[in-house]
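entry_17.cif (mmCIF, C-alpha atoms and all ligand atoms)
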```
data_query
loop_
_atom_site.group_PDB
_atom_site.id
_atom_site.type_symbol
_atom_site.label_atom_id
_atom_site.label_comp_id
_atom_site.auth_asym_id
_atom_site.auth_seq_id
_atom_site.Cartn_x
_atom_site.Cartn_y
_atom_site.Cartn_z
ATOM 1 C CA MET U 1462 20.371 10.750 -4.987
ATOM 2 C CA ALA U 1463 19.993 9.910 -1.288
ATOM 3 C CA VAL U 1464 16.159 9.920 -1.433
ATOM 4 C CA VAL U 1465 16.105 7.428 -4.345
ATOM 5 C CA ALA U 1466 18.653 5.191 -2.611
ATOM 6 C CA LEU U 1467 16.529 5.248 0.536
ATOM 7 C CA TYR U 1468 13.370 4.419 -1.450
ATOM 8 C CA ARG U 1469 15.135 1.463 -3.105
ATOM 9 C CA SER U 1470 16.434 -0.008 0.139
ATOM 10 C CA THR U 1471 14.356 -2.289 2.385
ATOM 11 C CA ILE U 1472 14.904 -0.036 5.381
ATOM 12 C CA GLY U 1473 13.895 2.990 3.282
ATOM 13 C CA LYS U 1474 10.618 1.269 2.378
ATOM 14 C CA LYS U 1475 10.014 0.464 6.043
ATOM 15 C CA VAL U 1476 10.677 4.104 6.981
ATOM 16 C CA ILE U 1477 8.132 5.247 4.357
ATOM 17 C CA MET U 1478 5.605 2.724 5.773
ATOM 18 C CA ALA U 1479 6.270 3.989 9.297
ATOM 19 C CA VAL U 1480 5.980 7.703 8.427
ATOM 20 C CA THR U 1481 2.808 7.266 6.319
ATOM 21 C CA GLY U 1482 1.354 5.024 9.052
ATOM 22 C CA PHE U 1483 2.167 7.716 11.621
ATOM 23 C CA ILE U 1484 0.247 10.304 9.571
ATOM 24 C CA TRP U 1485 -2.818 8.039 9.580
ATOM 25 C CA VAL U 1486 -2.504 7.208 13.290
ATOM 26 C CA GLY U 1487 -2.514 10.967 13.992
ATOM 27 C CA TYR U 1488 -5.563 11.361 11.778
ATOM 28 C CA VAL U 1489 -7.584 8.520 13.346
ATOM 29 C CA VAL U 1490 -6.835 9.769 16.876
ATOM 30 C CA LEU U 1491 -8.065 13.292 15.980
ATOM 31 C CA HIS U 1492 -11.046 11.899 14.044
ATOM 32 C CA MET U 1493 -12.044 9.727 17.010
ATOM 33 C CA PHE U 1494 -11.939 12.726 19.383
ATOM 34 C CA GLY U 1495 -13.916 14.771 16.832
ATOM 35 C CA ASN U 1496 -16.568 12.023 16.746
ATOM 36 C CA LEU U 1497 -16.903 12.070 20.542
ATOM 37 C CA LYS U 1498 -18.402 15.557 20.169
ATOM 38 C CA TYR U 1499 -21.572 13.642 19.293
ATOM 39 C CA PHE U 1500 -22.005 13.066 23.046
ATOM 40 C CA VAL U 1501 -21.891 16.835 23.659
ATOM 41 C CA GLY U 1502 -24.691 17.337 21.160
ATOM 42 C CA ALA U 1503 -25.668 18.116 17.572
ATOM 43 C CA THR U 1504 -24.364 21.697 17.670
ATOM 44 C CA SER U 1505 -20.972 20.506 18.842
ATOM 45 C CA ILE U 1506 -20.356 17.804 16.203
ATOM 46 C CA ASN U 1507 -21.942 19.824 13.382
ATOM 47 C CA GLY U 1508 -19.839 22.810 14.491
ATOM 48 C CA TRP U 1509 -16.709 20.652 14.245
ATOM 49 C CA ALA U 1510 -17.544 19.753 10.621
ATOM 50 C CA GLU U 1511 -18.050 23.466 9.899
ATOM 51 C CA PHE U 1512 -14.778 24.355 11.670
ATOM 52 C CA LEU U 1513 -12.821 21.872 9.507
ATOM 53 C CA ARG U 1514 -14.061 23.739 6.442
ATOM 54 C CA THR U 1515 -13.661 27.322 7.657
ATOM 55 C CA PHE U 1516 -10.254 26.855 9.359
ATOM 56 C CA GLY U 1517 -7.661 29.009 7.555
ATOM 57 C CA GLN U 1518 -10.182 30.127 4.946
ATOM 58 C CA ASP U 1519 -8.712 33.662 4.786
ATOM 59 C CA ILE U 1520 -5.597 32.155 3.221
ATOM 60 C CA LEU U 1521 -6.741 28.856 1.675
ATOM 61 C CA GLY U 1522 -10.411 29.584 0.948
ATOM 62 C CA TYR U 1523 -13.443 27.618 2.194
ATOM 63 C CA SER U 1524 -12.530 23.914 2.626
ATOM 64 C CA GLY U 1525 -8.968 24.700 1.451
ATOM 65 C CA PHE U 1526 -7.392 23.356 4.644
ATOM 66 C CA LEU U 1527 -9.540 20.205 4.434
ATOM 67 C CA TRP U 1528 -8.347 19.632 0.876
ATOM 68 C CA VAL U 1529 -4.710 19.945 1.980
ATOM 69 C CA VAL U 1530 -5.398 17.321 4.678
ATOM 70 C CA ARG U 1531 -7.145 15.076 2.123
ATOM 71 C CA LEU U 1532 -4.178 15.376 -0.264
ATOM 72 C CA VAL U 1533 -1.719 14.406 2.482
ATOM 73 C CA LEU U 1534 -3.931 11.463 3.571
ATOM 74 C CA VAL U 1535 -4.423 10.111 0.049
ATOM 75 C CA SER U 1536 -0.685 10.394 -0.738
ATOM 76 C CA ALA U 1537 0.146 8.687 2.562
ATOM 77 C CA VAL U 1538 -2.272 5.792 2.020
ATOM 78 C CA LEU U 1539 -1.078 5.207 -1.557
ATOM 79 C CA LEU U 1540 2.575 5.160 -0.478
ATOM 80 C CA HIS U 1541 1.703 2.912 2.489
ATOM 81 C CA ILE U 1542 0.017 0.382 0.162
ATOM 82 C CA LEU U 1543 2.824 0.545 -2.410
ATOM 83 C CA MET U 1544 5.460 -0.085 0.261
ATOM 84 C CA ALA U 1545 3.396 -2.936 1.776
ATOM 85 C CA TYR U 1546 3.167 -4.522 -1.670
ATOM 86 C CA GLN U 1547 6.891 -4.133 -2.408
ATOM 87 C CA LEU U 1548 7.958 -5.399 1.027
ATOM 88 C CA THR U 1549 5.658 -8.428 0.625
ATOM 89 C CA GLN U 1550 7.250 -9.190 -2.765
ATOM 90 C CA LEU U 1551 10.739 -8.918 -1.234
ATOM 91 C CA ASP U 1552 9.656 -11.118 1.662
ATOM 92 C CA TRP U 1553 8.303 -13.809 -0.662
ATOM 93 C CA ALA U 1554 11.322 -13.585 -2.996
ATOM 94 C CA SER U 1555 13.649 -14.153 -0.050
ATOM 95 C CA ARG U 1556 12.054 -17.555 0.596
ATOM 96 C CA PRO U 1557 10.781 -18.893 -2.737
ATOM 97 C CA VAL U 1558 9.864 -22.288 -1.221
ATOM 98 C CA ARG U 1559 6.873 -21.877 1.067
ATOM 99 C CA TYR U 1560 7.244 -23.330 4.525
ATOM 100 C CA SER U 1561 5.330 -26.592 4.876
ATOM 101 C CA GLY U 1562 4.290 -25.717 8.399
ATOM 102 C CA ARG U 1563 4.265 -22.076 9.431
ATOM 103 C CA ASN U 1564 6.122 -21.079 12.524
ATOM 104 C CA TYR U 1565 3.794 -18.768 14.393
ATOM 105 C CA LEU U 1566 5.758 -18.941 17.624
ATOM 106 C CA SER U 1567 7.100 -15.404 17.448
ATOM 107 C CA ALA U 1568 4.210 -13.891 15.500
ATOM 108 C CA THR U 1569 1.204 -12.434 17.265
ATOM 109 C CA PHE U 1570 -2.306 -12.806 15.859
ATOM 110 C CA SER U 1571 -2.217 -9.106 15.015
ATOM 111 C CA SER U 1572 1.071 -9.336 13.042
ATOM 112 C CA ARG U 1573 -0.257 -12.271 10.991
ATOM 113 C CA THR U 1574 -3.362 -10.354 9.960
ATOM 114 C CA MET U 1575 -1.589 -7.187 8.726
ATOM 115 C CA ARG U 1576 -2.042 -7.810 4.987
ATOM 116 C CA TRP U 1577 -5.671 -8.931 4.929
ATOM 117 C CA GLY U 1578 -6.519 -6.489 7.697
ATOM 118 C CA GLY U 1579 -5.005 -3.685 5.625
ATOM 119 C CA VAL U 1580 -7.079 -4.677 2.575
ATOM 120 C CA PHE U 1581 -10.247 -4.797 4.703
ATOM 121 C CA ILE U 1582 -9.550 -1.346 6.203
ATOM 122 C CA LEU U 1583 -9.008 0.072 2.708
ATOM 123 C CA LEU U 1584 -12.364 -1.328 1.535
ATOM 124 C CA PHE U 1585 -14.006 0.034 4.697
ATOM 125 C CA LEU U 1586 -12.496 3.455 3.989
ATOM 126 C CA VAL U 1587 -13.897 3.605 0.452
ATOM 127 C CA TYR U 1588 -17.336 2.546 1.729
ATOM 128 C CA HIS U 1589 -17.117 4.974 4.671
ATOM 129 C CA ILE U 1590 -16.286 8.021 2.530
ATOM 130 C CA LEU U 1591 -19.160 7.265 0.136
ATOM 131 C CA HIS U 1592 -21.392 6.779 3.193
ATOM 132 C CA MET U 1593 -20.467 9.729 5.453
ATOM 133 C CA THR U 1594 -18.705 12.289 3.242
ATOM 134 C CA VAL U 1595 -20.030 11.947 -0.322
ATOM 135 C CA GLY U 1596 -23.330 10.637 1.026
ATOM 136 C CA ASN U 1597 -24.418 8.799 -2.131
ATOM 137 C CA ILE U 1598 -24.900 5.449 -0.368
ATOM 138 C CA HIS U 1599 -26.483 7.024 2.740
ATOM 139 C CA PRO U 1600 -30.268 6.608 3.074
ATOM 140 C CA ASN U 1601 -30.868 10.314 3.896
ATOM 141 C CA TYR U 1602 -27.653 12.327 3.672
ATOM 142 C CA GLU U 1603 -27.576 16.018 4.597
ATOM 143 C CA GLU U 1604 -24.575 18.224 3.788
ATOM 144 C CA LEU U 1605 -22.683 19.470 6.884
ATOM 145 C CA LYS U 1606 -25.026 17.661 9.283
ATOM 146 C CA PRO U 1607 -22.907 14.765 10.661
ATOM 147 C CA TYR U 1608 -25.193 14.457 13.709
ATOM 148 C CA HIS U 1609 -28.203 13.728 11.516
ATOM 149 C CA ASN U 1610 -26.175 11.516 9.143
ATOM 150 C CA LEU U 1611 -24.824 9.421 12.020
ATOM 151 C CA VAL U 1612 -28.145 9.030 13.815
ATOM 152 C CA VAL U 1613 -29.904 7.931 10.613
ATOM 153 C CA ALA U 1614 -27.100 5.537 9.587
ATOM 154 C CA PHE U 1615 -26.716 3.774 12.926
ATOM 155 C CA ARG U 1616 -30.396 3.093 13.473
ATOM 156 C CA ASP U 1617 -29.624 0.160 11.202
ATOM 157 C CA PRO U 1618 -28.043 -2.723 13.212
ATOM 158 C CA ILE U 1619 -26.337 -4.082 10.080
ATOM 159 C CA GLN U 1620 -24.389 -0.839 9.703
ATOM 160 C CA VAL U 1621 -23.467 -0.969 13.397
ATOM 161 C CA VAL U 1622 -22.179 -4.552 13.098
ATOM 162 C CA PHE U 1623 -20.155 -3.642 10.001
ATOM 163 C CA TYR U 1624 -18.611 -0.539 11.616
ATOM 164 C CA VAL U 1625 -17.832 -2.401 14.863
ATOM 165 C CA ALA U 1626 -16.172 -5.249 12.896
ATOM 166 C CA ALA U 1627 -14.104 -2.709 10.940
ATOM 167 C CA MET U 1628 -12.976 -1.040 14.184
ATOM 168 C CA ILE U 1629 -11.855 -4.410 15.629
ATOM 169 C CA VAL U 1630 -9.756 -5.025 12.499
ATOM 170 C CA LEU U 1631 -8.436 -1.457 12.821
ATOM 171 C CA GLY U 1632 -7.409 -2.189 16.424
ATOM 172 C CA LEU U 1633 -5.420 -5.277 15.361
ATOM 173 C CA HIS U 1634 -3.773 -3.339 12.534
ATOM 174 C CA LEU U 1635 -2.912 -0.462 14.875
ATOM 175 C CA TYR U 1636 -1.438 -2.744 17.524
ATOM 176 C CA HIS U 1637 1.124 -4.362 15.264
ATOM 177 C CA GLY U 1638 1.466 -1.244 13.061
ATOM 178 C CA VAL U 1639 2.287 1.204 15.868
ATOM 179 C CA TRP U 1640 4.733 -1.223 17.426
ATOM 180 C CA SER U 1641 6.521 -1.838 14.086
ATOM 181 C CA MET U 1642 6.517 1.895 13.392
ATOM 182 C CA LEU U 1643 8.292 2.630 16.685
ATOM 183 C CA GLN U 1644 10.848 -0.096 15.962
ATOM 184 C CA THR U 1645 11.528 1.127 12.413
ATOM 185 C CA LEU U 1646 11.922 4.711 13.520
ATOM 186 C CA GLY U 1647 14.370 3.507 16.138
ATOM 187 C CA VAL U 1648 12.307 4.812 19.033
ATOM 188 C CA ASN U 1649 12.602 1.489 20.820
ATOM 189 C CA SER U 1650 15.541 0.776 23.040
ATOM 190 C CA PHE U 1651 15.648 -1.647 25.897
ATOM 191 C CA PRO U 1652 14.607 0.475 28.929
ATOM 192 C CA ARG U 1653 11.761 2.127 27.053
ATOM 193 C CA ASN U 1654 10.534 -1.017 25.271
ATOM 194 C CA ALA U 1655 7.894 -1.978 27.811
ATOM 195 C CA THR U 1656 6.485 1.554 27.913
ATOM 196 C CA LEU U 1657 6.333 1.758 24.125
ATOM 197 C CA HIS U 1658 4.590 -1.601 23.968
ATOM 198 C CA ARG U 1659 1.988 -0.166 26.313
ATOM 199 C CA VAL U 1660 1.648 2.926 24.101
ATOM 200 C CA ALA U 1661 0.936 0.648 21.103
ATOM 201 C CA GLN U 1662 -1.567 -1.338 23.191
ATOM 202 C CA ALA U 1663 -3.303 1.792 24.500
ATOM 203 C CA ILE U 1664 -3.706 3.278 20.998
ATOM 204 C CA ALA U 1665 -4.910 -0.064 19.592
ATOM 205 C CA ILE U 1666 -7.562 -0.417 22.304
ATOM 206 C CA LEU U 1667 -8.676 3.155 23.033
ATOM 207 C CA VAL U 1668 -9.019 4.382 19.435
ATOM 208 C CA PRO U 1669 -11.383 1.553 18.309
ATOM 209 C CA LEU U 1670 -13.311 1.794 21.610
ATOM 210 C CA GLY U 1671 -13.797 5.549 21.124
ATOM 211 C CA PHE U 1672 -15.030 4.977 17.571
ATOM 212 C CA ILE U 1673 -17.291 2.029 18.519
ATOM 213 C CA SER U 1674 -18.959 3.979 21.343
ATOM 214 C CA LEU U 1675 -20.776 6.167 18.816
ATOM 215 C CA PRO U 1676 -22.660 3.616 16.653
ATOM 216 C CA LEU U 1677 -23.446 1.542 19.765
ATOM 217 C CA ALA U 1678 -24.778 4.585 21.641
ATOM 218 C CA ILE U 1679 -26.969 5.564 18.690
ATOM 219 C CA LEU U 1680 -28.340 2.029 18.308
ATOM 220 C CA LEU U 1681 -29.194 2.034 22.032
ATOM 221 C CA GLY U 1682 -30.728 5.509 21.767
ATOM 222 C CA ILE U 1683 -28.091 7.138 24.003
ATOM 223 C CA GLY U 1684 -27.555 10.830 23.221
ATOM 224 C CA VAL U 1685 -30.128 10.767 20.413
ATOM 225 C CA ARG U 1686 -32.154 13.982 20.576
ATOM 226 C CA PRO U 1687 -34.944 14.983 18.195
HETATM 227 C C1 LIG U 1701 -17.287 4.192 14.051
HETATM 228 C C2 LIG U 1701 -16.321 4.683 13.301
HETATM 229 C C3 LIG U 1701 -16.415 5.955 12.509
HETATM 230 C C4 LIG U 1701 -17.412 6.892 12.433
HETATM 231 C C5 LIG U 1701 -18.742 6.902 13.141
HETATM 232 C C6 LIG U 1701 -16.963 7.923 11.526
HETATM 233 C C7 LIG U 1701 -17.689 9.057 11.177
HETATM 234 C C8 LIG U 1701 -17.358 9.943 10.168
HETATM 235 C C9 LIG U 1701 -18.147 11.080 9.754
HETATM 236 C C10 LIG U 1701 -19.474 11.506 10.377
HETATM 237 C C11 LIG U 1701 -17.499 11.688 8.725
HETATM 238 C C12 LIG U 1701 -17.925 12.970 7.982
HETATM 239 C C13 LIG U 1701 -17.323 14.154 8.697
HETATM 240 C C14 LIG U 1701 -17.585 15.470 8.029
HETATM 241 O O1 LIG U 1701 -18.375 15.561 7.110
HETATM 242 O O2 LIG U 1701 -16.934 16.456 8.455
HETATM 243 C C15 LIG U 1701 -16.291 10.931 8.482
HETATM 244 C C16 LIG U 1701 -15.359 11.216 7.520
HETATM 245 C C17 LIG U 1701 -14.192 10.515 7.326
HETATM 246 N N1 LIG U 1701 -13.734 9.449 8.059
HETATM 247 FE FE1 LIG U 1701 -14.709 8.544 9.553
HETATM 248 N N2 LIG U 1701 -15.705 7.591 11.058
HETATM 249 C C18 LIG U 1701 -15.345 6.396 11.646
HETATM 250 C C19 LIG U 1701 -14.150 5.723 11.465
HETATM 251 C C20 LIG U 1701 -13.157 6.108 10.603
HETATM 252 C C21 LIG U 1701 -11.887 5.439 10.459
HETATM 253 C C22 LIG U 1701 -11.437 4.239 11.275
HETATM 254 C C23 LIG U 1701 -11.190 6.113 9.510
HETATM 255 C C24 LIG U 1701 -9.823 5.838 8.973
HETATM 256 C C25 LIG U 1701 -9.226 4.679 8.960
HETATM 257 C C26 LIG U 1701 -12.035 7.187 9.020
HETATM 258 C C27 LIG U 1701 -11.691 8.068 8.032
HETATM 259 C C28 LIG U 1701 -12.503 9.081 7.560
HETATM 260 C C29 LIG U 1701 -12.164 9.932 6.446
HETATM 261 C C30 LIG U 1701 -10.881 9.857 5.613
HETATM 262 C C31 LIG U 1701 -13.218 10.842 6.288
HETATM 263 C C32 LIG U 1701 -13.350 11.940 5.234
HETATM 264 C C33 LIG U 1701 -12.901 13.275 5.788
HETATM 265 C C34 LIG U 1701 -13.045 14.313 4.696
HETATM 266 O O3 LIG U 1701 -12.274 14.245 3.741
HETATM 267 O O4 LIG U 1701 -13.912 15.154 4.777
HETATM 268 N N3 LIG U 1701 -13.212 7.157 9.719
HETATM 269 N N4 LIG U 1701 -16.220 9.884 9.377
#
```
Transcribe the structure of this file into structure tokens.
Amino acid sequence: MAVVALYRSTIGKKVIMAVTGFIWVGYVVLHMFGNLKYFVGATSINGWAEFLRTFGQDILGYSGFLWVVRLVLVSAVLLHILMAYQLTQLDWASRPVRYSGRNYLSATFSSRTMRWGGVFILLFLVYHILHMTVGNIHPNYEELKPYHNLVVAFRDPIQVVFYVAAMIVLGLHLYHGVWSMLQTLGVNSFPRNATLHRVAQAIAILVPLGFISLPLAILLGIGVRP
């Protein structure tokens, strides 16, 4: 079958990585904009959390849409990891003798950190969901009150440092990831290359900056209302 043949081929695996990565890029961009509602106020960001649960509820029931999104995200991340693992194995098998000195000339810092960066982001994600969605490792979690949950969490400078570090790693992963994704999907061709490079750069810088603005603002007391 064509799908199985594609899955077995190296290019097929890269396409799966690119498509699942694209799903997550879309999610982080929307999530970052959703978070910026913090600056509008508690009603705005809490209303967004409520909206995500009531959207389409006539058809899918309360939180039904959110569960569909969660299912897509979990499937995408699992496939992304599986493909990363298989491509790494193929890469290592193609040169069984390790280079004595690595040639980093054509590799950027961001491309060299993809594997460990990916593992770190995965660990961050598990921590983050327990922290902000399940709430069991949050000091004072309240259901459907992201404003309160964020303000309480980011009073702690250690949490802020951890989240900022995770967003820097995310930025590096996004930079190389978005660029590779565009190449795999064949979007790059000579005249558009420079523009697409800038798109990858803009996403890799603006998304982490948007995310980081929130914990930093809370730590500095900006936008915090009783
Ligand atoms: C400073 C950075 C971040 C902050 C402050 C933040 C904040 C939040 C908050 C408040 C929630 C709960 C929302 C709700 O209950 O409706 C949440 C959920 C979530 N966040 Fe983040 N987030 C950040 C970064 C990220 C990143 C980088 C990712 C992905 C790589 C991510 C993925 C998720 C996921 C998957 C959920 C669970 C959504 C659900 O299933 O309900 N977050 N985040």
Give me, please, the distance in Å between atom N2 of ligand LIG 1701 (chain U) and atom CA of U:Thr1515, quoted to one decimal.
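Atom-to-atom, atom N2 of ligand LIG 1701 (chain U) and atom CA of U:Thr1515 are spaced 20.1 Å apart.
Here atom C32 of ligand LIG 1701 (chain U) and atom CA of U:His1658 stand 29.3 Å from one another.
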Output the neighbourhood of ligand LIG 1701 (chain U) as a PyMOL selection string, that is, all protein and nucleic acid residues with some atom at most 9 Å from the ligand, counting all atoms listed in the file.
chain U and resi 1485-1486+1488-1489+1492-1493+1495-1496+1506-1507+1509-1514+1527-1528+1530-1531+1534-1535+1582-1583+1585-1587+1589-1590+1592-1595+1604-1608+1610-1611+1615+1621+1624-1625+1627-1628+1631+1668-1677
Between atom CA of U:Ser1524 and atom CA of U:Phe1494, what is the distance in Å, rounded to a tenth?
20.2 Å
Would you translate the PyMOL selection byres (((chain U and resi 1545) around 12) and not hetatm) into the concrete set of residues it matches in this file, as number ranges by chain?
U: 1471, 1474-1479, 1481-1482, 1538-1544, 1546-1552, 1575-1577, 1579-1580, 1638
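With all atoms listed in the file as the atoms that count, the residue of U:Val1685, U:Ala1626, U:Ile1484, U:Val1533 with the shortest distance to U:Val1639 is U:Ile1484.
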Could you name the residues that touch U:Tyr1636 at 7 Å or less, counting only C-alpha atoms, but leaving out those on the same chain fewer than 4 positions away, as a list in words?
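The residues that qualify are Ser1571, Gly1632, Trp1640, Ala1661, Gln1662 and Ala1665 of chain U.
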Keeping C-alpha atoms for every residue in the selection just given, could you write it to a file as an mmCIF file, keeping the file's coordinate frame?
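File selection_29.cif, as written:
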```
data_model
loop_
_atom_site.group_PDB
_atom_site.id
_atom_site.type_symbol
_atom_site.label_atom_id
_atom_site.label_comp_id
_atom_site.auth_asym_id
_atom_site.auth_seq_id
_atom_site.Cartn_x
_atom_site.Cartn_y
_atom_site.Cartn_z
ATOM 1 C CA SER U 1571 -2.217 -9.106 15.015
ATOM 2 C CA GLY U 1632 -7.409 -2.189 16.424
ATOM 3 C CA TRP U 1640 4.733 -1.223 17.426
ATOM 4 C CA ALA U 1661 0.936 0.648 21.103
ATOM 5 C CA GLN U 1662 -1.567 -1.338 23.191
ATOM 6 C CA ALA U 1665 -4.910 -0.064 19.592
#
```
I'd like the contact shell of U:Val1648 - 9 Å cut-off, only C-alpha atoms, skipping same-chain residues fewer than 6 positions apart - returned as a list in words.
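The neighbour list is Met1642, Asn1654 and Leu1657 of chain U.
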Expected file contents, prior selection, C-alpha atoms, as a short mmCIF file (atom, residue, chain, number, x, y, z; two decimals), in the frame of the given file:
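The file below, out.cif, is the result:
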```
data_model
loop_
_atom_site.label_atom_id
_atom_site.label_comp_id
_atom_site.auth_asym_id
_atom_site.auth_seq_id
_atom_site.Cartn_x
_atom_site.Cartn_y
_atom_site.Cartn_z
CA MET U 1642 6.52 1.90 13.39
CA ASN U 1654 10.53 -1.02 25.27
CA LEU U 1657 6.33 1.76 24.12
#
```
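Shortest atom-to-atom contact with U:Ile1683 among U:Gly1596, U:Gly1502, U:Gly1473, U:Gly1508: U:Gly1502, counting all atoms listed in the file.
Comparing U:Ile1664, U:Ala1614, U:Ile1679, U:Ala1655 by their smallest distance to U:Leu1633, the closest is U:Ile1664 (using only C-alpha atoms).
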Please define a box with edges along x, y and z of the file around all atoms of stretch 1683-1687 of chain U given in the file, extend it by 4 Å on each side, and return its centre and edge lengths in Å to one decimal, as AutoDock Vina command-line options.
```
--center_x -31.2 --center_y 11.1 --center_z 21.1 --size_x 15.4 --size_y 15.8 --size_z 13.8
```
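Of the residues listed (U:Leu1667, U:Arg1573, U:Val1612, U:Thr1645), U:Val1612 shows the shortest atom-to-atom separation from U:Ala1503; distances use all atoms listed in the file.
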Which one is closest to U:Arg1616: U:Ile1598, U:Leu1646, U:Leu1584, U:Leu1681? Count only C-alpha atoms.
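Closest residue, counting only C-alpha atoms: U:Leu1681.
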